[in-house]
Every structure is written in C-alpha cells, then in structure tokens.
Amino acid sequence: MLHNKKSINELGTYLEKTHLVVDLLFLEELLCNAAKCKEPYKNKEFAIKMGCPINKTKNSALTIYHWIKGNRTIPFTKIRKALELSDYNWQELEINVISIKAGIRNGEIYPQFPLHIGKEAGSILGYILGDGSIEKRFNAIFFTNTNKDLLIDFRNSMFTLFRVEPRIWVQQSGMFKQKSKWLYKCNSLDQIPSDHSIGLFYPKICSLILFSIFGKFAEGKRKLITPEIKNSNKNIQKYLIRAFFDSEGSTYNYRNMIRVFQDDKQLLEDIRILLLNFDIKTNEIHNYIKRDKKRHYFDITNKENFTKFHELIGFKSKKKRLFPV
C-alpha cells in the first residue's frame with residue numbers, strides 16, 4: 001500500500017533529468033562538505049566525481065561555480081551524487097528545495113517535500129482519467145470542463161500538491177467534431193465565462209512526479225488503473241472515483257441510478273473493481289454508437305448501491321449531489 005508521504009529520493013527514475021533550485025547557502029554548504037574544501041569548484045578530484053568538466057583557462061569546474069552562485073539549476077542526479085559524498089541527508093535537502101522542473105527550460109513548480117499523498121492526488125488522478133489527459137510527446141497535464149466546481153477542485157488539488165497555478169484557456173463552443181480552438185487566455189478562474197469549455201494546463205514535471213508514484217496511468221489516449229493505484233489506500237481511491245464520476249458520470253435521482261461513460265472498456269472494468277472496495281456493486285458494461293464511435297457505460301442501480309455511492313463516494317458537482325459531501 002502506498003504511504004501517505006513521499007520523499008524526493010523515493011520518486012525514482014522519472015526524476016533523473018529534472019533540475020532543482022536549492023537554497024544557495026545550503027547548496028554551498030553541501031558542496032563544500034562533499035568536496036571537503038571551501039572552494040569545491042577548484043577541487044579537480046571532486047569535479048571528476050561529480051562528472052563536471054574542468055575549464056583549463058580558469059582551472060575550475062565552472063558548472064559547480066555557477067550552481068553555487070545560482071546562475072544555473074542543479075540536476076537531480078548531481079545533487080544525489082553530492083549527498084552521497086557528503087555528511088548531509090535527503091531530509092536536510094528537502095527542507096531547502098525551493099523548486100523543481102523537468103529540465104533547464106521547463107515549467108517550474110514549488111512543492112513541499114515530503115509530498116503528502118492523499119485525497120488531492122486521488123482527485124487529480126480521477127479528473128485526468130476522466131476529462132483530462134497527459135499529452136504523449138511533452139507529458140503536459142491538461143484538464144477541460146464547463147463545470148466551474150470541477151475546474152476549481154482540480155486547480156485546488158494541483159496547487160495543494162504542486163504549488164503551481166495553471167495556464168487557463170477558453171475554448172470555442174460547439175467544437176464536437178473539429179479540433180479544439182482556443183480563444184484567449186484568462187488570468188484566473190474568476191474570469192472564465194459560464195458558457196464555454198475551459199482548459200487548464202500544467203507543466204511536465206507534475207506528470208513525472210505522478211508517474212513516479214502511481215505508474216504511467218495516462219499517456220495520450222491510453223489510460224488505465226495501474227497496480228500502484230490498485231494498491232493505494234481507500235482515501236485515494238475514493239477521491240479518484242469521485243472525480244472520475246464527476247467528469248464522466250450522470251445521476252438520475254428519480255430512478256436511483258448513476259451511469260458512467262467511457263471510450264475505454266478496460267478502464268471501466270477497473271473502475272468497477274475499485275468500487276467493490278467500497279462494497280458498491282454495478283451492472284455489466286454495455287456499449288452504444290455515438291458519432292460513429294463505440295462508447296461504453298455501466299450503471300449503478302437499486303437504492304442500496306445508489307445510496308452507498310452518495311454516502312461513501314459522493315460528487316463534487318452540486319448538480320449531481322444527493323447528500324452534502
């Protein structure tokens with residue numbers, strides 16, 4: 001089962017190419033300690049261990065010099081090597097990490113380590129598996145919806161976990177069969193119009209961190225419930241299911257029925273399995289054709305299952321709620 005906290009050193013291979021911004025006083029202390037001297041950039045043996053070239057003219061490792069002066073961000077692999085050579089540990093590093101980004105020029109986030117993995121992470125997963133995506137080439141996170149409640153919830157969850165605001169774009173209405181056309185950018189969700197789809201965009205580093213914790217659960221059109229998600233705690237699974245149903249589901253209170261739609265049948269099968277962890281039973285998966293494309297759905301019916309879902313999972317969308325959550 002996933003722990004509730006994740007240290008930066010537990011995030012694995014997905015961070016191999018990332019860069020950190022670290023408090024400069026701490027960084028200098030760390031590098032001096034690792035090099036066992038006051039000017040680590042002049043220590044050739046240390047530079048070789050760190051994999052940094054020596055400038056023959058300056059007789060120094062200028063890369064290390066620029067790290068200390070704050071002119072360059074330090075790669076994750078280099079900070080790990082410095083820690084191995086020093087008397088410092090990951091916990092001491094974590095409290096001095098200011099920001100992290102996927103590369104030298106990639107978008108920056110300001111998370112607090114260790115990361116607290118709970119309901120916000122579950123909500124993010126569910127929204128991405130529903131109306132969101134992780135772009136295949138650049139791994140940018142994207143979530144789109146017309147429901148302001150859901151947009152705010154996604155923004156709040158992402159900010160709590162990653163300390164970063166989205167780029168917000170307004171989409172042209174009625175673009176069912178055409179490629180999305182983005183009209184203009186907004187500075188905040190307070191400015192968004194009520195009659196358009198809104199897109200929230202986040203940098204690659206967010207998806208890399210999610211992949212490191214939950215596996216590659218979404219990439220391009222491929223979405224799945226990974227073994228890591230299946231082994232996560234019930235609180236994460238609860239908010240994943242809630243966000244997924246908020247994105248893809250409909251509720252019919254007068255019939256004691258909830259229906260959820262999805263193109264991917266296997267994803268629905270796995271959602272059904274997660275629901276069984278809450279003793280909520282569903283009907284079999286059916287399909288239909290919409291705009292020449294096969295769509296799949298299943299229903300939660302009868303009063304017992306219907307009530308359990310609202311009591312144990314619930315909806316964020318006010319339009320779908322039966323009980324307060």
# chains A, B, ... in the order shown; residues from 1 in each chain; ligands from 1

call {"tool": "select_by_dssp", "arguments": {"residues": "segment 140-317 of chain A", "states": "strand (DSSP E)", "output": "number ranges by chain"}}
result
A: 141-145, 167-171, 182-186, 198-202, 218-219, 222-223, 249-252, 257-262, 286-290, 293-300

call {"tool": "residues_around", "arguments": {"residues": "Lys308 of chain A", "least_positions_apart": "6", "cutoff": "10 Å", "atoms": "only C-alpha atoms", "output": "PyMOL selection string"}}
result
chain A and resi 278-281+314

call {"tool": "write_last_selection", "arguments": {"atoms": "C-alpha atoms", "output": "PDB file, in the first residue's frame"}}
result
ATOM      1  CA  PHE A 278     -16.467   0.108  -1.065  1.00  0.00           C
ATOM      2  CA  ASP A 279     -18.929  -2.768  -1.455  1.00  0.00           C
ATOM      3  CA  ILE A 280     -20.683  -0.918  -4.284  1.00  0.00           C
ATOM      4  CA  LYS A 281     -21.900  -3.290  -6.981  1.00  0.00           C
ATOM      5  CA  GLY A 314     -20.301  11.385  -3.410  1.00  0.00           C
TER       6      GLY A 314
END

call {"tool": "atom_distance", "arguments": {"atom1": "atom CA of Arg80 of chain A", "atom2": "atom CA of Thr63 of chain A"}}
result
15.8 Å

call {"tool": "select_by_dssp", "arguments": {"residues": "segment 19-219 of chain A", "states": "alpha helix (DSSP H)", "output": "PyMOL selection string"}}
result
chain A and resi 24-35+44-50+62-69+76-85+90-94+119-129+148-162+204-214

call {"tool": "write_last_selection", "arguments": {"atoms": "C-alpha atoms", "output": "JSON list (two decimals), in the first residue's frame"}}
result
[["chain", "number", "residue", "atom", "x", "y", "z"],
["A", 24, "LEU", "CA", 22.07, 28.85, -2.07],
["A", 25, "LEU", "CA", 23.51, 28.92, 1.45],
["A", 26, "PHE", "CA", 22.59, 25.27, 1.96],
["A", 27, "LEU", "CA", 23.81, 24.29, -1.50],
["A", 28, "GLU", "CA", 27.22, 25.87, -0.90],
["A", 29, "GLU", "CA", 27.50, 24.15, 2.48],
["A", 30, "LEU", "CA", 26.55, 20.83, 0.91],
["A", 31, "LEU", "CA", 29.06, 21.09, -1.95],
["A", 32, "CYS", "CA", 31.84, 22.29, 0.35],
["A", 33, "ASN", "CA", 31.15, 19.41, 2.70],
["A", 34, "ALA", "CA", 31.09, 16.89, -0.17],
["A", 35, "ALA", "CA", 34.35, 18.28, -1.62],
["A", 44, "LYS", "CA", 39.56, 18.60, -9.55],
["A", 45, "GLU", "CA", 39.06, 15.26, -7.84],
["A", 46, "PHE", "CA", 35.64, 16.35, -6.63],
["A", 47, "ALA", "CA", 34.74, 17.71, -10.09],
["A", 48, "ILE", "CA", 35.61, 14.35, -11.65],
["A", 49, "LYS", "CA", 33.44, 12.52, -9.10],
["A", 50, "MET", "CA", 30.59, 14.91, -9.88],
["A", 62, "LEU", "CA", 32.64, 26.36, -13.87],
["A", 63, "THR", "CA", 29.46, 24.29, -13.70],
["A", 64, "ILE", "CA", 29.89, 23.84, -9.95],
["A", 65, "TYR", "CA", 30.76, 27.54, -9.60],
["A", 66, "HIS", "CA", 27.54, 28.54, -11.38],
["A", 67, "TRP", "CA", 25.49, 26.20, -9.15],
["A", 68, "ILE", "CA", 26.86, 27.91, -6.06],
["A", 69, "LYS", "CA", 26.23, 31.40, -7.47],
["A", 76, "PHE", "CA", 18.76, 15.90, -9.68],
["A", 77, "THR", "CA", 21.49, 13.35, -10.46],
["A", 78, "LYS", "CA", 24.19, 15.80, -9.37],
["A", 79, "ILE", "CA", 22.50, 16.68, -6.08],
["A", 80, "ARG", "CA", 22.16, 12.97, -5.38],
["A", 81, "LYS", "CA", 25.87, 12.46, -6.02],
["A", 82, "ALA", "CA", 26.77, 15.39, -3.77],
["A", 83, "LEU", "CA", 24.67, 13.90, -0.97],
["A", 84, "GLU", "CA", 26.45, 10.55, -1.37],
["A", 85, "LEU", "CA", 29.81, 12.31, -0.97],
["A", 90, "TRP", "CA", 17.82, 13.76, 1.93],
["A", 91, "GLN", "CA", 15.70, 15.18, 4.74],
["A", 92, "GLU", "CA", 18.09, 18.12, 5.12],
["A", 93, "LEU", "CA", 17.97, 18.68, 1.38],
["A", 94, "GLU", "CA", 14.17, 18.54, 1.21],
["A", 119, "LYS", "CA", -7.30, 12.98, -1.43],
["A", 120, "GLU", "CA", -5.79, 15.69, -3.67],
["A", 121, "ALA", "CA", -3.71, 13.10, -5.51],
["A", 122, "GLY", "CA", -6.77, 10.87, -5.85],
["A", 123, "SER", "CA", -8.83, 13.73, -7.29],
["A", 124, "ILE", "CA", -6.09, 14.61, -9.78],
["A", 125, "LEU", "CA", -5.91, 11.01, -10.97],
["A", 126, "GLY", "CA", -9.67, 10.75, -11.38],
["A", 127, "TYR", "CA", -10.00, 14.00, -13.31],
["A", 128, "ILE", "CA", -7.15, 13.09, -15.66],
["A", 129, "LEU", "CA", -8.65, 9.64, -16.25],
["A", 148, "LYS", "CA", -16.67, 25.57, -12.62],
["A", 149, "ASP", "CA", -16.96, 23.42, -9.46],
["A", 150, "LEU", "CA", -14.77, 20.77, -11.08],
["A", 151, "LEU", "CA", -12.31, 23.25, -12.54],
["A", 152, "ILE", "CA", -11.83, 24.86, -9.13],
["A", 153, "ASP", "CA", -11.46, 21.46, -7.46],
["A", 154, "PHE", "CA", -8.81, 20.38, -9.96],
["A", 155, "ARG", "CA", -6.96, 23.68, -9.61],
["A", 156, "ASN", "CA", -7.06, 23.46, -5.80],
["A", 157, "SER", "CA", -5.85, 19.85, -5.75],
["A", 158, "MET", "CA", -2.98, 20.62, -8.11],
["A", 159, "PHE", "CA", -1.98, 23.70, -6.11],
["A", 160, "THR", "CA", -2.03, 21.80, -2.81],
["A", 161, "LEU", "CA", 0.22, 19.07, -4.18],
["A", 162, "PHE", "CA", 2.49, 21.01, -6.55],
["A", 204, "LYS", "CA", 5.64, 18.20, -17.45],
["A", 205, "ILE", "CA", 7.22, 17.95, -14.01],
["A", 206, "CYS", "CA", 3.77, 17.40, -12.46],
["A", 207, "SER", "CA", 3.15, 14.31, -14.60],
["A", 208, "LEU", "CA", 6.65, 12.96, -13.91],
["A", 209, "ILE", "CA", 6.00, 13.09, -10.17],
["A", 210, "LEU", "CA", 2.58, 11.44, -10.59],
["A", 211, "PHE", "CA", 4.13, 8.71, -12.77],
["A", 212, "SER", "CA", 6.79, 8.06, -10.15],
["A", 213, "ILE", "CA", 4.12, 7.44, -7.51],
["A", 214, "PHE", "CA", 1.24, 5.88, -9.46]]

call {"tool": "closest_residue", "arguments": {"among": "A:Gly132, A:Pro114, A:Pro40, A:Pro203", "to": "Leu11 of chain A", "atoms": "only C-alpha atoms"}}
result
A:Pro114

call {"tool": "residues_around", "arguments": {"residues": "Val260 of chain A", "least_positions_apart": "4", "cutoff": "8 Å", "atoms": "only C-alpha atoms", "output": "PyMOL selection string"}}
result
chain A and resi 245+248-250+297-299
